[in-house]
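Listing of my_file_4.json; format and content: JSON, C-alpha atoms.
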[["chain", "number", "residue", "atom", "x", "y", "z"],
["A", 1, "MET", "CA", 129.35, 28.70, 83.00],
["A", 2, "ARG", "CA", 126.41, 30.80, 81.83],
["A", 3, "SER", "CA", 123.70, 29.79, 79.42],
["A", 4, "GLU", "CA", 120.74, 31.92, 78.22],
["A", 5, "MET", "CA", 117.77, 31.46, 75.95],
["A", 6, "GLN", "CA", 114.68, 33.42, 75.04],
["A", 7, "ILE", "CA", 111.48, 31.46, 74.69],
["A", 8, "VAL", "CA", 107.76, 32.02, 74.30],
["A", 9, "ILE", "CA", 105.34, 30.73, 76.94],
["A", 10, "GLY", "CA", 103.59, 27.84, 75.24],
["A", 11, "SER", "CA", 100.78, 27.18, 77.72],
["A", 12, "LYS", "CA", 97.41, 28.41, 76.50],
["A", 13, "LEU", "CA", 96.72, 29.43, 80.09],
["A", 14, "GLY", "CA", 99.98, 31.33, 80.53],
["A", 15, "LEU", "CA", 102.38, 30.89, 83.42],
["A", 16, "HIS", "CA", 99.79, 29.68, 85.91],
["A", 17, "LEU", "CA", 100.40, 27.94, 89.20],
["A", 18, "ARG", "CA", 100.89, 24.38, 87.98],
["A", 19, "VAL", "CA", 103.37, 25.47, 85.33],
["A", 20, "ALA", "CA", 105.23, 27.65, 87.83],
["A", 21, "ARG", "CA", 105.33, 24.84, 90.37],
["A", 22, "ASP", "CA", 106.56, 22.20, 87.92],
["A", 23, "PHE", "CA", 109.13, 24.60, 86.47],
["A", 24, "ALA", "CA", 110.49, 25.47, 89.93],
["A", 25, "GLU", "CA", 110.62, 21.80, 90.92],
["A", 26, "MET", "CA", 112.54, 21.01, 87.76],
["A", 27, "ALA", "CA", 114.87, 23.99, 88.23],
["A", 28, "ARG", "CA", 115.71, 22.89, 91.76],
["A", 29, "LYS", "CA", 117.14, 19.65, 90.39],
["A", 30, "PHE", "CA", 119.96, 21.63, 88.79],
["A", 31, "SER", "CA", 122.86, 23.01, 90.81],
["A", 32, "SER", "CA", 123.03, 26.14, 88.63],
["A", 33, "LYS", "CA", 121.29, 29.34, 89.65],
["A", 34, "VAL", "CA", 118.25, 29.85, 87.43],
["A", 35, "ARG", "CA", 116.78, 33.29, 86.72],
["A", 36, "VAL", "CA", 113.72, 34.03, 84.62],
["A", 37, "VAL", "CA", 113.20, 37.48, 83.12],
["A", 38, "CYS", "CA", 109.91, 38.78, 81.75],
["A", 39, "GLU", "CA", 109.70, 42.44, 80.77],
["A", 40, "THR", "CA", 111.36, 44.24, 83.69],
["A", 41, "ARG", "CA", 111.02, 41.49, 86.28],
["A", 42, "ASP", "CA", 113.95, 39.20, 87.01],
["A", 43, "VAL", "CA", 113.08, 36.37, 89.42],
["A", 44, "ASP", "CA", 114.47, 33.18, 90.95],
["A", 45, "GLY", "CA", 113.31, 30.29, 88.78],
["A", 46, "LYS", "CA", 113.48, 27.94, 91.76],
["A", 47, "SER", "CA", 110.78, 29.88, 93.65],
["A", 48, "VAL", "CA", 107.15, 29.23, 92.73],
["A", 49, "LEU", "CA", 106.05, 32.43, 94.42],
["A", 50, "GLU", "CA", 108.55, 34.53, 92.47],
["A", 51, "MET", "CA", 107.67, 32.81, 89.21],
["A", 52, "LEU", "CA", 104.01, 33.71, 89.74],
["A", 53, "THR", "CA", 104.93, 37.37, 90.14],
["A", 54, "LEU", "CA", 105.89, 37.38, 86.45],
["A", 55, "GLY", "CA", 102.21, 37.13, 85.49],
["A", 56, "ALA", "CA", 103.29, 35.88, 82.08],
["A", 57, "VAL", "CA", 100.33, 35.54, 79.72],
["A", 58, "PRO", "CA", 100.18, 33.08, 76.78],
["A", 59, "GLY", "CA", 102.73, 34.10, 74.15],
["A", 60, "SER", "CA", 104.86, 36.15, 76.55],
["A", 61, "LYS", "CA", 108.56, 36.20, 75.80],
["A", 62, "VAL", "CA", 110.74, 35.23, 78.73],
["A", 63, "ARG", "CA", 114.49, 34.92, 79.02],
["A", 64, "LEU", "CA", 115.98, 32.00, 80.92],
["A", 65, "ARG", "CA", 119.43, 32.39, 82.39],
["A", 66, "ALA", "CA", 121.40, 29.76, 84.27],
["A", 67, "ASP", "CA", 124.78, 30.12, 85.96],
["A", 68, "GLY", "CA", 126.68, 27.05, 87.11],
["A", 69, "ASP", "CA", 128.17, 23.73, 86.13],
["A", 70, "ASP", "CA", 124.97, 22.37, 84.59],
["A", 71, "ALA", "CA", 123.76, 25.70, 83.13],
["A", 72, "GLU", "CA", 123.53, 24.51, 79.56],
["A", 73, "GLU", "CA", 121.46, 21.43, 80.37],
["A", 74, "ALA", "CA", 119.28, 23.45, 82.75],
["A", 75, "VAL", "CA", 118.39, 26.05, 80.13],
["A", 76, "GLN", "CA", 117.80, 23.37, 77.51],
["A", 77, "ARG", "CA", 115.45, 21.30, 79.68],
["A", 78, "LEU", "CA", 113.65, 24.23, 81.28],
["A", 79, "SER", "CA", 113.11, 26.05, 78.01],
["A", 80, "GLU", "CA", 111.68, 22.89, 76.44],
["A", 81, "TYR", "CA", 109.27, 22.64, 79.34],
["A", 82, "LEU", "CA", 108.13, 26.28, 79.25],
["A", 83, "ALA", "CA", 107.65, 26.18, 75.50],
["A", 84, "SER", "CA", 105.38, 23.14, 75.83],
["A", 85, "PRO", "CA", 104.27, 22.62, 79.44],
["A", 86, "GLU", "CA", 101.41, 20.30, 78.50],
["A", 87, "THR", "CA", 103.95, 17.68, 77.42],
["A", 88, "PRO", "CA", 104.61, 15.17, 80.22],
["A", 89, "LEU", "CA", 107.99, 15.65, 81.88],
["A", 90, "THR", "CA", 108.67, 11.93, 82.00],
["A", 91, "ALA", "CA", 106.77, 8.82, 81.05],
["A", 92, "ALA", "CA", 106.91, 7.65, 84.66],
["A", 93, "ALA", "CA", 105.50, 10.82, 86.16],
["A", 94, "PRO", "CA", 103.15, 12.46, 83.69],
["A", 95, "HIS", "CA", 101.55, 15.79, 84.45],
["A", 96, "ALA", "CA", 98.00, 15.95, 85.54],
["A", 97, "LYS", "CA", 95.75, 17.14, 82.75],
["A", 98, "GLU", "CA", 95.74, 20.91, 82.55],
["A", 99, "THR", "CA", 92.30, 22.07, 83.47],
["A", 100, "ARG", "CA", 92.85, 25.57, 84.79],
["B", 1, "MET", "CA", 90.96, 44.01, 88.74],
["B", 2, "LYS", "CA", 91.65, 45.57, 92.13],
["B", 3, "LEU", "CA", 92.20, 43.29, 95.10],
["B", 4, "ALA", "CA", 90.01, 45.61, 97.18],
["B", 5, "ASP", "CA", 87.13, 44.91, 94.78],
["B", 6, "ILE", "CA", 87.58, 41.17, 95.22],
["B", 7, "PHE", "CA", 88.40, 41.00, 98.93],
["B", 8, "THR", "CA", 85.80, 43.17, 100.61],
["B", 9, "ARG", "CA", 84.29, 43.34, 104.09],
["B", 10, "GLU", "CA", 81.82, 40.64, 102.95],
["B", 11, "THR", "CA", 84.50, 38.34, 101.56],
["B", 12, "ILE", "CA", 87.14, 38.58, 104.26],
["B", 13, "VAL", "CA", 87.17, 35.98, 107.05],
["B", 14, "PRO", "CA", 89.51, 37.26, 109.78],
["B", 15, "GLU", "CA", 89.63, 33.87, 111.53],
["B", 16, "LEU", "CA", 88.58, 30.57, 109.99],
["B", 17, "LYS", "CA", 86.71, 28.09, 112.15],
["B", 18, "ALA", "CA", 87.94, 25.27, 109.92],
["B", 19, "ALA", "CA", 90.97, 23.22, 110.91],
["B", 20, "THR", "CA", 91.46, 21.26, 107.68],
["B", 21, "LYS", "CA", 92.03, 22.31, 104.09],
["B", 22, "LYS", "CA", 88.74, 20.88, 102.83],
["B", 23, "ASP", "CA", 86.75, 22.47, 105.65],
["B", 24, "ALA", "CA", 88.52, 25.79, 105.05],
["B", 25, "ILE", "CA", 87.61, 25.73, 101.37],
["B", 26, "GLU", "CA", 84.02, 24.84, 102.28],
["B", 27, "GLU", "CA", 83.85, 27.71, 104.77],
["B", 28, "MET", "CA", 85.18, 30.11, 102.15],
["B", 29, "VAL", "CA", 82.64, 28.92, 99.56],
["B", 30, "SER", "CA", 79.92, 29.51, 102.18],
["B", 31, "THR", "CA", 81.26, 33.04, 102.54],
["B", 32, "LEU", "CA", 80.74, 33.58, 98.81],
["B", 33, "VAL", "CA", 77.16, 32.35, 99.19],
["B", 34, "LYS", "CA", 76.52, 34.64, 102.18],
["B", 35, "ALA", "CA", 77.93, 37.53, 100.15],
["B", 36, "LYS", "CA", 75.44, 36.62, 97.39],
["B", 37, "LEU", "CA", 78.24, 36.17, 94.88],
["B", 38, "VAL", "CA", 77.46, 32.48, 94.36],
["B", 39, "SER", "CA", 74.05, 30.83, 94.63],
["B", 40, "GLN", "CA", 73.42, 28.01, 97.06],
["B", 41, "ALA", "CA", 72.57, 25.82, 94.09],
["B", 42, "GLN", "CA", 75.99, 26.40, 92.48],
["B", 43, "SER", "CA", 78.02, 26.18, 95.68],
["B", 44, "GLY", "CA", 78.24, 22.38, 95.76],
["B", 45, "ASP", "CA", 79.67, 22.18, 92.27],
["B", 46, "LEU", "CA", 82.09, 25.03, 93.00],
["B", 47, "LEU", "CA", 83.31, 23.29, 96.14],
["B", 48, "ALA", "CA", 83.81, 20.04, 94.23],
["B", 49, "ALA", "CA", 85.79, 21.90, 91.53],
["B", 50, "LEU", "CA", 88.04, 23.55, 94.11],
["B", 51, "VAL", "CA", 88.67, 20.23, 95.86],
["B", 52, "ARG", "CA", 89.44, 18.53, 92.52],
["B", 53, "ARG", "CA", 91.91, 21.33, 91.74],
["B", 54, "GLU", "CA", 93.70, 20.69, 95.04],
["B", 55, "GLU", "CA", 93.95, 17.00, 94.18],
["B", 56, "ILE", "CA", 95.82, 17.87, 90.98],
["B", 57, "GLY", "CA", 98.39, 19.77, 93.05],
["B", 58, "SER", "CA", 98.29, 21.77, 96.24],
["B", 59, "THR", "CA", 97.86, 25.52, 95.92],
["B", 60, "GLY", "CA", 99.87, 26.02, 99.10],
["B", 61, "ILE", "CA", 102.62, 28.11, 97.50],
["B", 62, "GLY", "CA", 104.81, 28.35, 100.57],
["B", 63, "ARG", "CA", 105.55, 30.95, 103.25],
["B", 64, "GLY", "CA", 102.19, 30.24, 104.91],
["B", 65, "VAL", "CA", 100.12, 31.21, 101.87],
["B", 66, "GLY", "CA", 97.41, 29.23, 100.07],
["B", 67, "VAL", "CA", 95.73, 30.29, 96.83],
["B", 68, "PRO", "CA", 92.97, 27.78, 96.02],
["B", 69, "HIS", "CA", 91.62, 28.84, 92.66],
["B", 70, "VAL", "CA", 89.45, 27.57, 89.89],
["B", 71, "LYS", "CA", 87.62, 28.70, 86.79],
["B", 72, "HIS", "CA", 83.90, 28.14, 87.15],
["B", 73, "PRO", "CA", 80.76, 29.30, 85.35],
["B", 74, "CYS", "CA", 79.25, 30.61, 88.60],
["B", 75, "ALA", "CA", 81.57, 33.63, 88.29],
["B", 76, "SER", "CA", 80.86, 36.39, 85.77],
["B", 77, "ARG", "CA", 83.91, 38.29, 87.04],
["B", 78, "ILE", "CA", 86.77, 37.34, 89.33],
["B", 79, "ILE", "CA", 85.43, 36.80, 92.83],
["B", 80, "GLY", "CA", 87.23, 35.58, 95.92],
["B", 81, "VAL", "CA", 87.61, 35.26, 99.65],
["B", 82, "PHE", "CA", 90.54, 36.17, 101.87],
["B", 83, "ALA", "CA", 90.79, 34.19, 105.09],
["B", 84, "ARG", "CA", 93.22, 33.67, 107.96],
["B", 85, "SER", "CA", 93.92, 30.83, 110.37],
["B", 86, "SER", "CA", 96.02, 31.78, 113.38],
["B", 87, "LYS", "CA", 96.58, 28.10, 114.20],
["B", 88, "GLY", "CA", 97.60, 27.24, 110.66],
["B", 89, "ILE", "CA", 96.12, 24.65, 108.33],
["B", 90, "GLU", "CA", 97.86, 21.64, 106.84],
["B", 91, "PHE", "CA", 97.68, 22.37, 103.10],
["B", 92, "ASN", "CA", 100.24, 19.93, 101.72],
["B", 93, "ALA", "CA", 102.10, 23.11, 100.74],
["B", 94, "LEU", "CA", 105.22, 23.16, 98.59],
["B", 95, "ASP", "CA", 107.42, 24.04, 101.55],
["B", 96, "GLY", "CA", 105.64, 21.57, 103.85],
["B", 97, "GLY", "CA", 104.57, 24.30, 106.26],
["B", 98, "PRO", "CA", 101.07, 25.19, 107.45],
["B", 99, "VAL", "CA", 99.01, 27.88, 105.75],
["B", 100, "TYR", "CA", 98.02, 30.97, 107.73],
["B", 101, "ILE", "CA", 96.55, 33.15, 105.00],
["B", 102, "VAL", "CA", 94.36, 32.00, 102.12],
["B", 103, "PHE", "CA", 93.35, 33.85, 98.97],
["B", 104, "MET", "CA", 90.59, 31.94, 97.21],
["B", 105, "LEU", "CA", 89.95, 33.02, 93.62],
["B", 106, "VAL", "CA", 87.11, 32.00, 91.30],
["B", 107, "SER", "CA", 87.35, 33.23, 87.71],
["B", 108, "PRO", "CA", 85.00, 32.92, 84.74],
["B", 109, "PRO", "CA", 85.89, 29.97, 82.47],
["B", 110, "ASP", "CA", 87.34, 32.05, 79.64],
["B", 111, "CYS", "CA", 89.26, 34.42, 81.90],
["B", 112, "VAL", "CA", 93.02, 34.01, 81.28],
["B", 113, "GLU", "CA", 94.83, 37.34, 81.47],
["B", 114, "PRO", "CA", 92.88, 38.94, 84.36],
["B", 115, "HIS", "CA", 93.19, 35.66, 86.27],
["B", 116, "LEU", "CA", 96.98, 35.62, 85.81],
["B", 117, "LYS", "CA", 97.23, 39.29, 86.75],
["B", 118, "THR", "CA", 95.30, 38.72, 89.96],
["B", 119, "LEU", "CA", 97.48, 35.71, 90.77],
["B", 120, "LYS", "CA", 100.50, 37.90, 90.05],
["B", 121, "LYS", "CA", 99.24, 40.56, 92.47],
["B", 122, "VAL", "CA", 98.56, 38.03, 95.20],
["B", 123, "SER", "CA", 101.99, 36.45, 94.80],
["B", 124, "ALA", "CA", 103.75, 39.81, 94.72],
["B", 125, "LEU", "CA", 101.86, 40.86, 97.82],
["B", 126, "THR", "CA", 102.62, 37.71, 99.77],
["B", 127, "SER", "CA", 106.26, 37.50, 98.72],
["B", 128, "ASP", "CA", 106.75, 40.82, 100.54],
["B", 129, "ASN", "CA", 107.69, 39.72, 104.07],
["B", 130, "ASP", "CA", 106.43, 42.94, 105.68],
["B", 131, "PHE", "CA", 103.11, 42.90, 103.91],
["B", 132, "ARG", "CA", 102.57, 39.24, 104.70],
["B", 133, "ARG", "CA", 103.21, 40.02, 108.37],
["B", 134, "PHE", "CA", 100.75, 42.92, 108.21],
["B", 135, "LEU", "CA", 98.09, 40.59, 106.79],
["B", 136, "ILE", "CA", 98.71, 38.05, 109.54],
["B", 137, "ASN", "CA", 98.75, 40.64, 112.32],
["B", 138, "ALA", "CA", 95.90, 42.94, 111.22],
["B", 139, "LYS", "CA", 93.51, 43.01, 114.16],
["B", 140, "ASP", "CA", 90.18, 42.94, 112.36],
["B", 141, "CYS", "CA", 88.29, 43.01, 109.09],
["B", 142, "SER", "CA", 88.53, 46.81, 108.78],
["B", 143, "GLU", "CA", 92.32, 46.71, 108.94],
["B", 144, "LEU", "CA", 92.38, 43.95, 106.34],
["B", 145, "VAL", "CA", 90.14, 45.98, 104.02],
["B", 146, "GLU", "CA", 92.56, 48.90, 104.38],
["B", 147, "LEU", "CA", 95.52, 46.62, 103.63],
["B", 148, "MET", "CA", 93.86, 45.44, 100.41],
["B", 149, "LYS", "CA", 93.43, 49.06, 99.32],
["B", 150, "GLU", "CA", 97.05, 49.79, 100.18],
["B", 151, "ALA", "CA", 98.15, 46.74, 98.22],
["B", 152, "ASP", "CA", 96.35, 48.03, 95.12],
["B", 153, "GLU", "CA", 98.19, 51.34, 95.43],
["B", 154, "ARG", "CA", 101.54, 49.57, 95.72],
["B", 155, "LEU", "CA", 101.09, 47.08, 92.90]]
Represent the structure from my file as structure tokens, please.
Amino acid sequence: MRSEMQIVIGSKLGLHLRVARDFAEMARKFSSKVRVVCETRDVDGKSVLEMLTLGAVPGSKVRLRADGDDAEEAVQRLSEYLASPETPLTAAAPHAKETR
Amino acid sequence: MKLADIFTRETIVPELKAATKKDAIEEMVSTLVKAKLVSQAQSGDLLAALVRREEIGSTGIGRGVGVPHVKHPCASRIIGVFARSSKGIEFNALDGGPVYIVFMLVSPPDCVEPHLKTLKKVSALTSDNDFRRFLINAKDCSELVELMKEADERL
């Protein structure tokens, strides 16, 4: 199954390291393949290093694409996170305050 | 901003003396002071900011690469240090492996887009297996300076 969604990077600091790391960690919890496309770059959403190569600034449009059994849930959860990465992922494990 | 303008002969450490992450960061901050890019008076606060940033989450991004970075008023433009450790440093990296090459970046507080672009360049550079090997195997500072220039031409 394939699921896709276009979203706008919500972080005021863009797709910086903490956002990339938390996104990749979240993506790895899904069995589906996760790709993230920004302009002409198409990278593995489960790799922090590849996510950083997007260099997505605040307001950038990115396209999430997941292929696999849990594709729909993956795109839903991951897009919610990218749109608002300052929101804690879970009450039990809140994000550190974004400082840089 | 070009990597070769950030990582120069004065801000490249071919072999770190430090064996721990904190000591490595301290040695790299000292390099910025020696290069007259940061004053001695500001260096303590910069070091503390970099260490605090690591406590939020390690900047060891995997594949032997560390990118400690922070925004700090001591920088009026993006400044940085490139350093290597042939023995490897425990960095609490994402992949659990030691770090062999470190790109430290210090950006002005309001610097968002140039900071992300520099981070993008560093990640693109280090995700290239060949280039990462070149950085690890370069024999001295001069070769590393040349590699930074080559990286700017590629990216």
Using all atoms listed in the file, which of A:Arg41, A:Arg2, A:Lys29, A:Arg65 sits nearest chain B?
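Nearest to chain B: A:Arg41.
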For range 77-93 of chain B, please output as a compact mmCIF listing (two decimals) with C-alpha atoms, keeping the file's coordinate frame all residues within 8 Å (counting all atoms listed in the file; exclusion window: fewer than 4 positions along the same chain).
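Output file selection_26.txt follows:
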# COMPACT_ATOMS: atom_id res chain seq x y z
CA MET B 1 90.96 44.01 88.74
CA ILE B 6 87.58 41.17 95.22
CA PHE B 7 88.40 41.00 98.93
CA THR B 11 84.50 38.34 101.56
CA ILE B 12 87.14 38.58 104.26
CA VAL B 13 87.17 35.98 107.05
CA PRO B 14 89.51 37.26 109.78
CA GLU B 15 89.63 33.87 111.53
CA LEU B 16 88.58 30.57 109.99
CA LYS B 17 86.71 28.09 112.15
CA ALA B 19 90.97 23.22 110.91
CA THR B 20 91.46 21.26 107.68
CA LYS B 21 92.03 22.31 104.09
CA MET B 28 85.18 30.11 102.15
CA THR B 31 81.26 33.04 102.54
CA LEU B 32 80.74 33.58 98.81
CA LEU B 37 78.24 36.17 94.88
CA SER B 58 98.29 21.77 96.24
CA THR B 59 97.86 25.52 95.92
CA GLY B 60 99.87 26.02 99.10
CA ILE B 61 102.62 28.11 97.50
CA GLY B 62 104.81 28.35 100.57
CA GLY B 64 102.19 30.24 104.91
CA GLY B 66 97.41 29.23 100.07
CA GLY B 97 104.57 24.30 106.26
CA PRO B 98 101.07 25.19 107.45
CA VAL B 99 99.01 27.88 105.75
CA TYR B 100 98.02 30.97 107.73
CA ILE B 101 96.55 33.15 105.00
CA VAL B 102 94.36 32.00 102.12
CA PHE B 103 93.35 33.85 98.97
CA MET B 104 90.59 31.94 97.21
CA LEU B 105 89.95 33.02 93.62
CA VAL B 106 87.11 32.00 91.30
CA SER B 107 87.35 33.23 87.71
CA PRO B 108 85.00 32.92 84.74
CA HIS B 115 93.19 35.66 86.27
CA ILE B 136 98.71 38.05 109.54
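Shortest separation to Gly68 in chain A among A:Ile7, A:Ala20, A:Met26, A:Val34 occurs at residue A:Val34, atoms counted being all atoms listed in the file.
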Kindly provide, as a PyMOL selection string, the residues of chain A having any atom no farther than 8 Å from an atom of chain B, counting only C-alpha atoms.
chain A and resi 13-18+48-50+52-57+96+100
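Computed from the coordinates, the CA of Ala71 in chain A to CA of Ala27 in chain A distance equals 10.4 Å.
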What gap, in Å, lies between CA of Val43 in chain A and CA of Asp67 in chain A?
13.7 Å
Return the single residue from A:Ser11, A:Ser60, A:Gln76, A:Ser47 that is closest to Phe23 in chain A, with distances computed using all atoms listed in the file.
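For Phe23 in chain A, the nearest of the candidates is A:Ser47.
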Report, in Å with one decimal, the straight-line distance from CA of Glu143 in chain B to CA of Asn129 in chain B.
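Separation between CA of Glu143 in chain B and CA of Asn129 in chain B: 17.6 Å.
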Residue with smallest distance to Ala66 in chain A - pool A:Glu39, A:Glu80, A:Glu4, A:Glu25, counting all atoms listed in the file
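Nearest candidate to Ala66 in chain A out of A:Glu39, A:Glu80, A:Glu4, A:Glu25: A:Glu4.
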Pick the closest to Ser32 in chain A from A:Met51, A:Glu86, A:Tyr81, A:Ala74: which is it, counting only C-alpha atoms?
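Among A:Met51, A:Glu86, A:Tyr81, A:Ala74, it is A:Ala74 that comes nearest to Ser32 in chain A.
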Could you work out an axis-aligned bounding box for all listed atoms of range 42-54 of chain B, with 8 Å added on each of the six sides, and give its centre and edge lengths in Å to one decimal, as AutoDock Vina command-line options?
--center_x 84.8 --center_y 22.5 --center_z 93.8 --size_x 33.7 --size_y 23.9 --size_z 20.6
